[in-house]
>>> print(open('protein33.tsv').read())   # TSV, C-alpha atoms
chain	number	residue	atom	x	y	z
A	1	MET	CA	4.92	18.85	38.82
A	2	GLU	CA	1.91	17.72	40.81
A	3	ASP	CA	0.28	16.14	37.75
A	4	VAL	CA	3.41	14.11	37.01
A	5	LEU	CA	3.60	12.90	40.58
A	6	ARG	CA	-0.07	11.93	40.62
A	7	ARG	CA	0.38	9.96	37.38
A	8	ALA	CA	3.32	8.21	39.06
A	9	GLY	CA	0.97	7.04	41.82
A	10	ALA	CA	1.39	9.71	44.48
A	11	SER	CA	-1.54	10.91	46.56
A	12	GLY	CA	-2.32	12.15	50.04
A	13	GLY	CA	0.64	12.27	52.38
A	14	VAL	CA	2.98	10.69	49.83
A	15	LEU	CA	2.18	13.47	47.38
A	16	ALA	CA	2.91	16.08	50.03
A	17	GLU	CA	6.27	14.41	50.76
A	18	LEU	CA	7.23	14.40	47.11
A	19	LEU	CA	6.16	17.97	46.42
A	20	GLU	CA	8.52	19.09	49.18
A	21	TYR	CA	11.35	16.76	48.11
A	22	CYS	CA	11.11	17.74	44.43
A	23	GLU	CA	10.93	21.49	44.99
A	24	ASN	CA	13.75	23.13	43.07
A	25	PRO	CA	15.58	25.96	44.89
A	26	TYR	CA	17.55	26.77	41.75
A	27	ALA	CA	14.42	27.60	39.75
A	28	LEU	CA	13.08	29.64	42.66
A	29	SER	CA	16.30	31.67	42.90
A	30	GLY	CA	15.44	33.71	39.82
A	31	ALA	CA	19.02	33.48	38.52
A	32	GLY	CA	19.01	33.58	34.74
A	33	MET	CA	21.52	32.17	32.29
A	34	PRO	CA	24.96	33.69	32.96
A	35	VAL	CA	26.30	36.02	30.30
A	36	ALA	CA	29.49	33.99	29.91
A	37	LEU	CA	29.87	30.24	30.11
A	38	PRO	CA	31.99	28.63	31.38
A	39	LEU	CA	31.95	30.92	34.40
A	40	PRO	CA	35.01	33.15	34.89
A	41	ASP	CA	37.73	32.03	37.28
A	42	GLU	CA	37.34	32.94	40.93
A	43	PRO	CA	40.02	35.18	42.51
A	44	HIS	CA	41.81	32.38	44.37
A	45	VAL	CA	42.62	30.51	41.16
A	46	ALA	CA	45.55	32.82	40.35
A	47	ALA	CA	47.34	31.77	43.54
A	48	TRP	CA	46.60	28.09	42.92
A	49	LEU	CA	48.16	28.29	39.48
A	50	GLY	CA	51.36	29.17	41.30
A	51	TYR	CA	50.88	26.22	43.66
A	52	GLU	CA	50.39	23.95	40.65
A	53	GLU	CA	53.64	25.16	39.13
A	54	ASP	CA	55.47	24.66	42.42
A	55	ALA	CA	53.97	21.16	42.72
A	56	ARG	CA	55.59	20.17	39.43
A	57	ARG	CA	58.99	20.99	40.97
A	58	VAL	CA	58.73	19.76	44.56
A	59	GLY	CA	55.62	17.56	44.64
A	60	ALA	CA	52.03	18.45	45.43
A	61	PHE	CA	52.11	17.68	49.14
A	62	VAL	CA	55.21	19.81	49.79
A	63	ALA	CA	53.78	22.67	47.73
A	64	LEU	CA	50.50	22.56	49.67
A	65	ARG	CA	52.17	22.18	53.07
A	66	ARG	CA	54.09	25.40	52.46
A	67	ARG	CA	50.83	27.32	52.08
A	68	PHE	CA	48.41	25.59	54.45
A	69	ALA	CA	49.25	25.23	58.13
A	70	GLN	CA	46.73	22.39	58.52
A	71	LEU	CA	49.21	20.09	56.76
A	72	GLN	CA	51.95	21.00	59.23
A	73	PHE	CA	50.02	19.45	62.14
A	74	PRO	CA	49.01	15.81	62.80
A	75	ILE	CA	45.48	14.49	63.03
A	76	ARG	CA	44.86	14.19	66.75
A	77	THR	CA	41.97	14.46	69.20
A	78	GLY	CA	41.97	17.96	70.64
A	79	MET	CA	44.23	19.40	67.94
A	80	SER	CA	41.72	22.12	67.08
A	81	ASP	CA	42.19	23.53	70.61
A	82	ASP	CA	45.99	23.40	70.53
A	83	ASP	CA	47.48	26.89	70.98
A	84	GLY	CA	50.02	26.48	68.20
A	85	TYR	CA	47.39	25.16	65.82
A	86	ARG	CA	45.04	28.03	66.58
A	87	ARG	CA	47.81	30.61	66.08
A	88	ALA	CA	48.67	29.05	62.72
A	89	THR	CA	45.16	28.63	61.34
A	90	ARG	CA	43.54	31.71	62.88
A	91	ARG	CA	46.39	34.22	62.82
A	92	GLY	CA	48.72	32.90	60.12
A	93	MET	CA	51.61	32.34	62.57
A	94	PHE	CA	52.98	29.14	61.04
A	95	PRO	CA	55.43	26.90	62.93
A	96	GLU	CA	59.05	27.62	62.01
A	97	SER	CA	59.88	24.00	61.15
A	98	GLU	CA	56.89	23.48	58.79
A	99	SER	CA	56.14	20.38	60.86
A	100	VAL	CA	54.75	19.84	64.36
A	101	ASP	CA	55.18	16.31	65.74
A	102	GLY	CA	55.83	15.11	62.20
A	103	GLY	CA	52.99	17.07	60.65
A	104	LEU	CA	50.23	15.37	58.70
A	105	ALA	CA	51.18	11.70	58.44
A	106	LEU	CA	50.62	10.24	54.96
A	107	SER	CA	51.26	6.76	53.60
A	108	ASP	CA	51.86	7.82	50.01
A	109	PRO	CA	52.66	11.55	49.68
A	110	SER	CA	53.98	11.00	46.16
A	111	GLY	CA	50.49	9.77	45.24
A	112	ILE	CA	49.03	13.24	45.71
A	113	GLU	CA	48.55	15.35	42.60
A	114	LEU	CA	47.50	18.97	42.22
A	115	ALA	CA	45.96	20.46	39.08
A	116	VAL	CA	43.90	23.52	38.25
A	117	CYS	CA	41.28	22.04	35.93
A	118	PRO	CA	38.94	23.69	33.43
A	119	SER	CA	35.25	23.24	34.22
A	120	MET	CA	31.85	24.80	33.58
A	121	ALA	CA	32.37	26.67	36.88
A	122	GLY	CA	35.67	28.17	35.73
A	123	ARG	CA	39.03	26.64	36.53
A	124	VAL	CA	38.95	24.67	39.79
A	125	PRO	CA	41.87	23.52	41.98
A	126	VAL	CA	41.74	19.74	42.35
A	127	ILE	CA	43.81	17.61	44.75
A	128	THR	CA	43.79	13.94	43.70
A	129	VAL	CA	44.82	11.33	46.28
A	130	ARG	CA	45.84	7.77	45.46
A	131	ASP	CA	45.77	6.25	48.96
A	132	ARG	CA	42.42	6.05	50.74
A	133	GLY	CA	43.91	6.72	54.16
A	134	ASP	CA	45.66	9.82	52.83
A	135	PHE	CA	42.37	11.04	51.36
A	136	VAL	CA	40.75	10.69	54.79
A	137	ALA	CA	43.66	12.55	56.43
A	138	LEU	CA	43.40	15.47	54.00
A	139	VAL	CA	39.64	15.70	54.47
A	140	GLN	CA	40.10	15.74	58.24
A	141	ALA	CA	42.82	18.38	57.99
A	142	PHE	CA	40.90	20.74	55.72
A	143	THR	CA	37.34	20.25	56.95
A	144	GLU	CA	37.58	18.83	60.51
A	145	ARG	CA	40.32	21.12	61.91
A	146	ASN	CA	42.74	18.17	62.18
A	147	GLU	CA	40.37	16.27	64.45
A	148	PRO	CA	40.04	12.49	63.78
A	149	ASN	CA	36.31	12.72	63.06
A	150	PRO	CA	34.99	9.84	60.93
A	151	VAL	CA	34.92	10.22	57.14
A	152	PRO	CA	32.18	8.02	55.61
A	153	SER	CA	33.49	5.16	53.49
A	154	SER	CA	30.99	6.23	50.83
A	155	MET	CA	32.73	9.61	50.44
A	156	GLY	CA	34.92	9.66	47.34
A	157	ALA	CA	35.21	13.41	46.95
A	158	CYS	CA	35.14	16.46	49.18
A	159	ALA	CA	34.48	20.08	48.25
A	160	VAL	CA	36.34	22.45	50.56
A	161	THR	CA	34.80	25.91	50.70
A	162	GLY	CA	35.53	29.03	52.70
A	163	LEU	CA	39.03	28.00	53.80
A	164	ASN	CA	41.16	30.91	55.00
A	165	ASN	CA	44.38	31.04	52.98
A	166	TRP	CA	47.04	32.90	54.98
A	167	HIS	CA	49.45	32.72	52.06
A	168	ARG	CA	47.10	34.86	49.99
A	169	ILE	CA	46.72	37.26	52.92
A	170	ALA	CA	50.53	37.53	53.14
A	171	LEU	CA	50.74	38.30	49.42
A	172	TYR	CA	48.03	40.93	49.80
A	173	ARG	CA	49.85	42.50	52.74
A	174	ALA	CA	53.17	42.61	50.90
A	175	ALA	CA	51.58	44.33	47.90
A	176	TRP	CA	49.67	46.75	50.12
A	177	GLU	CA	52.74	47.72	52.15
A	178	GLU	CA	54.75	48.26	48.99
A	179	ALA	CA	52.01	50.52	47.59
A	180	GLN	CA	51.87	52.41	50.89
A	181	GLY	CA	55.61	52.90	51.01
A	182	GLY	CA	56.18	50.43	53.82
A	183	ALA	CA	53.43	51.70	56.12
A	184	GLU	CA	53.48	48.53	58.21
A	185	ALA	CA	51.98	50.20	61.27
A	186	ALA	CA	48.72	50.82	59.45
A	187	TRP	CA	48.31	47.14	58.47
A	188	ALA	CA	46.02	46.35	61.42
A	189	GLN	CA	43.47	48.83	60.12
A	190	GLU	CA	43.78	47.56	56.57
A	191	PHE	CA	43.38	43.98	57.79
A	192	GLN	CA	40.06	44.86	59.43
A	193	ALA	CA	38.92	46.34	56.12
A	194	LEU	CA	39.99	43.13	54.36
A	195	ILE	CA	37.96	40.78	56.56
A	196	PRO	CA	34.56	41.35	54.83
A	197	ARG	CA	36.17	40.81	51.40
A	198	LYS	CA	36.28	37.04	51.71
A	199	ASP	CA	37.01	36.43	48.03
A	200	ARG	CA	40.46	37.95	48.67
A	201	TYR	CA	41.52	35.29	51.16
A	202	GLN	CA	39.07	32.35	51.24
A	203	ASP	CA	39.56	29.44	48.84
A	204	ARG	CA	37.45	26.70	47.30
A	205	PHE	CA	38.89	23.46	45.98
A	206	ILE	CA	38.09	19.77	45.56
A	207	ILE	CA	39.78	16.68	47.01
A	208	LEU	CA	39.30	13.47	44.99
A	209	SER	CA	40.05	9.85	45.85
A	210	HIS	CA	40.85	7.00	43.52
A	211	GLY	CA	38.65	3.93	43.43
A	212	PRO	CA	35.72	2.58	41.42
A	213	TYR	CA	32.92	5.11	41.14
A	214	SER	CA	30.00	4.38	43.43
A	215	ALA	CA	31.94	1.26	44.57
A	216	VAL	CA	30.79	-0.53	41.40
A	217	PRO	CA	33.28	-3.25	40.36
A	218	ALA	CA	34.88	-3.10	36.91
A	219	GLY	CA	33.25	-6.39	35.96
A	220	ASP	CA	29.80	-4.89	36.46
A	221	VAL	CA	30.48	-2.29	33.75
A	222	ASN	CA	32.39	-4.68	31.44
A	223	LEU	CA	35.67	-2.79	31.59
A	224	PRO	CA	39.22	-3.73	32.59
A	225	ARG	CA	40.02	-2.66	36.15
A	226	ASP	CA	42.57	0.04	35.27
A	227	GLU	CA	40.34	1.54	32.60
A	228	TRP	CA	37.36	1.65	34.96
A	229	LEU	CA	39.45	3.32	37.67
A	230	ALA	CA	40.62	5.96	35.19
A	231	ARG	CA	37.08	6.63	33.97
A	232	SER	CA	35.78	6.61	37.55
A	233	LEU	CA	38.16	9.43	38.40
A	234	VAL	CA	36.82	11.50	35.50
A	235	ILE	CA	33.20	10.85	36.51
A	236	ARG	CA	33.95	11.78	40.12
A	237	ARG	CA	35.77	14.98	39.13
A	238	GLU	CA	33.17	16.21	36.66
A	239	HIS	CA	30.36	15.23	39.04
A	240	GLU	CA	31.89	17.51	41.65
A	241	PHE	CA	32.29	20.28	39.08
A	242	LEU	CA	28.51	20.25	38.56
A	243	HIS	CA	27.95	20.75	42.29
A	244	TYR	CA	30.57	23.50	42.21
A	245	PHE	CA	28.67	25.09	39.30
A	246	THR	CA	25.37	25.18	41.20
A	247	TYR	CA	27.17	26.48	44.28
A	248	ARG	CA	28.61	29.39	42.34
A	249	LEU	CA	25.34	30.20	40.56
A	250	PHE	CA	22.85	29.55	43.34
A	251	ASN	CA	24.99	29.35	46.50
A	252	ARG	CA	23.63	25.87	47.14
A	253	ILE	CA	24.81	22.25	47.10
A	254	ARG	CA	22.12	19.63	47.75
A	255	SER	CA	21.99	15.93	48.54
A	256	ASN	CA	19.05	15.11	46.27
A	257	VAL	CA	18.41	12.53	43.55
A	258	PHE	CA	17.69	15.34	41.07
A	259	ASP	CA	21.12	16.90	41.58
A	260	GLU	CA	22.86	13.52	41.49
A	261	LEU	CA	21.26	12.59	38.17
A	262	ILE	CA	22.52	15.77	36.53
A	263	ALA	CA	25.97	15.50	38.12
A	264	ASP	CA	26.34	11.86	37.02
A	265	PHE	CA	25.10	12.85	33.57
A	266	VAL	CA	27.90	15.40	33.22
A	267	GLY	CA	30.46	12.97	34.64
A	268	ILE	CA	29.51	10.02	32.46
A	269	VAL	CA	29.53	12.14	29.30
A	270	ALA	CA	32.97	13.50	30.18
A	271	ALA	CA	34.32	10.00	30.87
A	272	PHE	CA	32.78	8.16	27.93
A	273	GLY	CA	31.88	10.83	25.37
A	274	THR	CA	28.23	9.80	25.63
A	275	TYR	CA	25.63	8.81	28.22
A	276	SER	CA	24.19	5.41	29.05
A	277	SER	CA	21.01	5.17	31.08
A	278	GLU	CA	21.88	1.59	31.98
A	279	LEU	CA	25.24	2.63	33.39
A	280	ALA	CA	23.80	5.65	35.21
A	281	LEU	CA	21.17	3.56	36.98
A	282	ARG	CA	23.75	0.92	37.88
A	283	LEU	CA	25.87	3.62	39.50
A	284	LEU	CA	22.86	4.88	41.46
A	285	GLY	CA	21.78	1.37	42.39
A	286	VAL	CA	18.35	1.54	40.73
A	287	ALA	CA	17.19	-1.75	39.23
A	288	GLY	CA	13.57	-2.55	38.42
A	289	PRO	CA	10.39	-1.39	40.16
A	290	SER	CA	11.30	-2.68	43.63
A	291	LEU	CA	13.05	-0.62	46.27
A	292	PRO	CA	16.84	-0.57	45.75
A	293	PRO	CA	19.05	-2.71	48.01
A	294	ARG	CA	20.34	-1.25	51.26
A	295	GLU	CA	23.82	-0.65	49.82
A	296	ALA	CA	22.51	1.28	46.79
A	297	ARG	CA	23.98	4.75	46.47
A	298	ILE	CA	20.60	6.34	45.75
A	299	ARG	CA	19.62	5.68	49.37
A	300	ILE	CA	22.12	8.32	50.49
A	301	TYR	CA	19.87	10.96	48.88
A	302	ARG	CA	16.59	9.61	50.23
A	303	GLY	CA	16.29	12.04	53.09
A	304	THR	CA	13.20	11.30	55.18
A	305	LEU	CA	11.03	9.91	52.36
A	306	SER	CA	8.70	7.04	53.20
A	307	ASP	CA	9.07	3.76	51.31
A	308	ALA	CA	6.14	4.63	49.07
A	309	ALA	CA	7.53	8.06	48.21
A	310	PHE	CA	11.05	6.73	47.73
A	311	ALA	CA	9.81	4.04	45.33
A	312	ILE	CA	8.22	6.75	43.19
A	313	VAL	CA	11.46	8.76	43.25
A	314	CYS	CA	13.37	5.70	42.01
A	315	GLY	CA	10.88	5.25	39.19
A	316	LEU	CA	11.18	8.91	38.22
A	317	ALA	CA	14.97	8.59	38.28
A	318	ALA	CA	14.81	5.69	35.83
A	319	ARG	CA	12.62	7.63	33.38
A	320	ALA	CA	14.74	10.77	33.79
A	321	SER	CA	17.85	8.76	32.96
A	322	GLU	CA	16.26	7.52	29.74
A	323	ASN	CA	15.45	11.11	28.76
A	324	LEU	CA	19.01	12.19	29.50
A	325	GLU	CA	20.30	9.47	27.20
A	326	GLN	CA	18.13	10.82	24.38
A	327	LEU	CA	19.44	14.32	25.10
A	328	ALA	CA	23.05	13.16	24.88
A	329	ARG	CA	22.41	11.32	21.62
A	330	ALA	CA	20.70	14.35	20.08
A	331	ASN	CA	23.67	16.60	20.82
A	332	GLY	CA	26.40	14.10	19.99
A	333	SER	CA	30.03	15.19	20.32
A	334	LEU	CA	29.01	18.73	21.32
A	335	MET	CA	28.28	17.35	24.79
A	336	THR	CA	32.00	16.93	25.44
A	337	GLU	CA	32.63	20.69	25.12
A	338	VAL	CA	32.75	22.53	28.45
A	339	ALA	CA	30.66	25.49	27.26
A	340	THR	CA	27.97	23.15	25.94
A	341	GLN	CA	27.94	21.17	29.17
A	342	ALA	CA	27.49	24.41	31.09
A	343	ARG	CA	24.51	25.55	28.99
A	344	VAL	CA	22.85	22.13	29.21
A	345	ALA	CA	23.53	21.81	32.95
A	346	HIS	CA	22.04	25.24	33.63
A	347	ALA	CA	18.92	24.40	31.65
A	348	LEU	CA	18.48	21.05	33.41
A	349	ALA	CA	19.09	22.53	36.85
A	350	THR	CA	16.09	24.82	36.51
A	351	LEU	CA	13.73	21.85	36.06
A	352	SER	CA	12.82	19.28	38.72
A	353	LEU	CA	12.95	15.51	39.08
A	354	PRO	CA	9.41	15.15	37.66
A	355	GLY	CA	10.45	17.55	34.90
A	356	LEU	CA	13.48	15.45	34.00
A	357	ALA	CA	11.28	12.36	33.95
A	358	SER	CA	8.44	13.74	31.84
A	359	ARG	CA	9.68	16.52	29.56
A	360	ASP	CA	11.33	16.43	26.15
A	361	LEU	CA	14.80	17.44	27.24
A	362	ARG	CA	16.00	17.83	23.67
A	363	GLU	CA	13.92	20.98	23.40
A	364	ILE	CA	14.56	22.27	26.92
A	365	ALA	CA	18.34	21.91	26.73
A	366	ALA	CA	18.80	22.45	22.99
A	367	VAL	CA	22.37	23.18	21.93
A	368	GLU	CA	22.67	25.98	19.39
>>> encode(input="protein33.tsv", output="structure tokens")
Amino acid sequence: MEDVLRRAGASGGVLAELLEYCENPYALSGAGMPVALPLPDEPHVAAWLGYEEDARRVGAFVALRRRFAQLQFPIRTGMSDDDGYRRATRRGMFPESESVDGGLALSDPSGIELAVCPSMAGRVPVITVRDRGDFVALVQAFTERNEPNPVPSSMGACAVTGLNNWHRIALYRAAWEEAQGGAEAAWAQEFQALIPRKDRYQDRFIILSHGPYSAVPAGDVNLPRDEWLARSLVIRREHEFLHYFTYRLFNRIRSNVFDELIADFVGIVAAFGTYSSELALRLLGVAGPSLPPREARIRIYRGTLSDAAFAIVCGLAARASENLEQLARANGSLMTEVATQARVAHALATLSLPGLASRDLREIAAVE
């Protein structure tokens, strides 16, 4: 890695910055290739398949509100300290009316969709939201404890992890009491034994918004507006699946140009059936040898890099994108298969940004 960075012009303090920025925690984890790819479903998926079925009958928002108390309360300053809210979210004592002060206010509840989608990380629950304000409200409900904390305008997707699902706990309790012959009095002890087994009651899912990916207009990618919006949704979804994949394998999600290149690679291939370096760099906001403009998306992942170090990162990203295009061309239509994407993504994730920029990826991520 150091040789590649030196050839790119790094030395002294800039080199030290880049060595730290480009260090790969996935490679250092020692996790090898999983035995089965895609990864098997996580335990919570079974319950979400039921939610998906219910959503087809009554609508996604109603189906979700029945299971998650957060949607039965409004977004309001101080809501996280409200006694009723705390009883519902911490003890599973939901309000009887399924709505407190009107519940979560949405502009377009019919524009919410729920699907359990196949991915390299196993099937993943995905909530897709048509209205931007509704997307913000759902993010605040699920990640900000119904407090009106700001949601960045640049956020187009949100991964929710570690959310307590009291509906799953209720199902577990019902099955346990039936097996114990109705021994309800002993539930308190069983509940204490359940607490460390978080996979039995904590969920992970993704919330997606509509809108052009990376705020790039349809005209900039030479596509009709509706087609670009549809493809943007695919890129955004598959991009998040890559982060979900690394989270499951390595227990880590990073805000780093290296991760974003791989995630966009997976998303673009899924949306278009192939990969274009030109498109990828446009979505990141990298153009030419100069520093990207202030609104460029790549700046989100800059961290504390100096201008000199960041310029080198942008150059490495451009060369890495060209290598990824060659990789996609070499593997052709196989790249659209989930299992292939998983093998390639795992191989790429164990490299580094200098590795992506300098290595022959066709050999590293060969598809058998």
>>> atom_distance(input="protein33.tsv", atom1="atom CA of A:Phe94", atom2="atom CA of A:Ile75")
16.6 Å
>>> closest_residue(input="protein33.tsv", among="A:Ala69, A:Asn146, A:Gly122, A:Glu98", to="A:Leu249", atoms="only C-alpha atoms")
A:Gly122
>>> closest_atom_pairs(input="protein33.tsv", of="stretch 123-165 of chain A", to="stretch 90-93 of chain A", cutoff="12 Å", atoms="all atoms listed in the file", output="tab-separated table")
residue	atom	partner	partner_atom	distance
A:Arg145	CA	A:Arg90	CA	11.1
A:Leu163	CA	A:Arg90	CA	10.8
A:Asn164	CA	A:Arg90	CA	8.3
A:Asn165	CA	A:Gly92	CA	8.6
>>> closest_residue(input="protein33.tsv", among="A:Glu113, A:Glu96, A:Glu17, A:Asp82", to="A:Val58", atoms="all atoms listed in the file")
A:Glu113
>>> atom_distance(input="protein33.tsv", atom1="atom CA of A:Ala10", atom2="atom CA of A:Leu291")
15.7 Å
>>> atom_distance(input="protein33.tsv", atom1="atom CA of A:Glu52", atom2="atom CA of A:Val116")
6.9 Å
>>> closest_atom_pairs(input="protein33.tsv", of="stretch 260-337 of chain A", to="stretch 213-220 of chain A", cutoff="9 Å", atoms="only C-alpha atoms", output="JSON lines")
{"residue": "A:Arg282", "atom": "CA", "partner": "A:Val216", "partner_atom": "CA", "distance": 8.0}
{"residue": "A:Leu283", "atom": "CA", "partner": "A:Ser214", "partner_atom": "CA", "distance": 5.8}
{"residue": "A:Leu284", "atom": "CA", "partner": "A:Ser214", "partner_atom": "CA", "distance": 7.4}
{"residue": "A:Gly285", "atom": "CA", "partner": "A:Ser214", "partner_atom": "CA", "distance": 8.8}
{"residue": "A:Ala296", "atom": "CA", "partner": "A:Ser214", "partner_atom": "CA", "distance": 8.8}
{"residue": "A:Arg297", "atom": "CA", "partner": "A:Ser214", "partner_atom": "CA", "distance": 6.8}
>>> residues_around(input="protein33.tsv", residues="A:Ala63", least_positions_apart="6", cutoff="10 Å", atoms="all atoms listed in the file", output="list in words")
Gly50, Tyr51, Glu52, Glu53, Asp54, Ala55, Arg56, Arg57 and Leu114 of chain A
>>> closest_residue(input="protein33.tsv", among="A:Ile112, A:Ala27, A:Val139, A:Ile262", to="A:Val62", atoms="only C-alpha atoms")
A:Ile112
>>> closest_residue(input="protein33.tsv", among="A:Phe73, A:Phe265, A:Trp176, A:Phe250", to="A:Glu190", atoms="only C-alpha atoms")
A:Trp176
>>> residues_around(input="protein33.tsv", residues="stretch 45-48 of chain A", least_positions_apart="6", cutoff="10 Å", atoms="only C-alpha atoms", output="PyMOL selection string")
chain A and resi 54+64+114-116+122-126+165+167-168+171+203-205
>>> residues_near_point(input="protein33.tsv", point="(44.2, 4.1, 53.1)", cutoff="12 Å", atoms="all atoms listed in the file", output="PyMOL selection string")
chain A and resi 105-109+111+129-138+151+153+209-211
>>> closest_residue(input="protein33.tsv", among="A:Ala309, A:Asn251, A:Tyr201, A:Glu337", to="A:Gly12", atoms="only C-alpha atoms")
A:Ala309
>>> residues_around(input="protein33.tsv", residues="A:Pro34", least_positions_apart="2", cutoff="12 Å", atoms="all atoms listed in the file", output="list in words")
Gly30, Ala31, Gly32, Ala36, Leu37, Pro38, Leu39, Pro40, Met120, Ala121, Phe245, Thr246, Arg248, Leu249, Phe250, Ala339, Ala342, Arg343, Ala345, His346 and Ala347 of chain A
>>> write_last_selection(input="protein33.tsv", atoms="C-alpha atoms", output="PDB file, in the frame of the given file")
ATOM      1  CA  GLY A  30      15.440  33.710  39.820  1.00  0.00           C
ATOM      2  CA  ALA A  31      19.020  33.480  38.520  1.00  0.00           C
ATOM      3  CA  GLY A  32      19.010  33.580  34.740  1.00  0.00           C
ATOM      4  CA  ALA A  36      29.490  33.990  29.910  1.00  0.00           C
ATOM      5  CA  LEU A  37      29.870  30.240  30.110  1.00  0.00           C
ATOM      6  CA  PRO A  38      31.990  28.630  31.380  1.00  0.00           C
ATOM      7  CA  LEU A  39      31.950  30.920  34.400  1.00  0.00           C
ATOM      8  CA  PRO A  40      35.010  33.150  34.890  1.00  0.00           C
ATOM      9  CA  MET A 120      31.850  24.800  33.580  1.00  0.00           C
ATOM     10  CA  ALA A 121      32.370  26.670  36.880  1.00  0.00           C
ATOM     11  CA  PHE A 245      28.670  25.090  39.300  1.00  0.00           C
ATOM     12  CA  THR A 246      25.370  25.180  41.200  1.00  0.00           C
ATOM     13  CA  ARG A 248      28.610  29.390  42.340  1.00  0.00           C
ATOM     14  CA  LEU A 249      25.340  30.200  40.560  1.00  0.00           C
ATOM     15  CA  PHE A 250      22.850  29.550  43.340  1.00  0.00           C
ATOM     16  CA  ALA A 339      30.660  25.490  27.260  1.00  0.00           C
ATOM     17  CA  ALA A 342      27.490  24.410  31.090  1.00  0.00           C
ATOM     18  CA  ARG A 343      24.510  25.550  28.990  1.00  0.00           C
ATOM     19  CA  ALA A 345      23.530  21.810  32.950  1.00  0.00           C
ATOM     20  CA  HIS A 346      22.040  25.240  33.630  1.00  0.00           C
ATOM     21  CA  ALA A 347      18.920  24.400  31.650  1.00  0.00           C
TER      22      ALA A 347
END
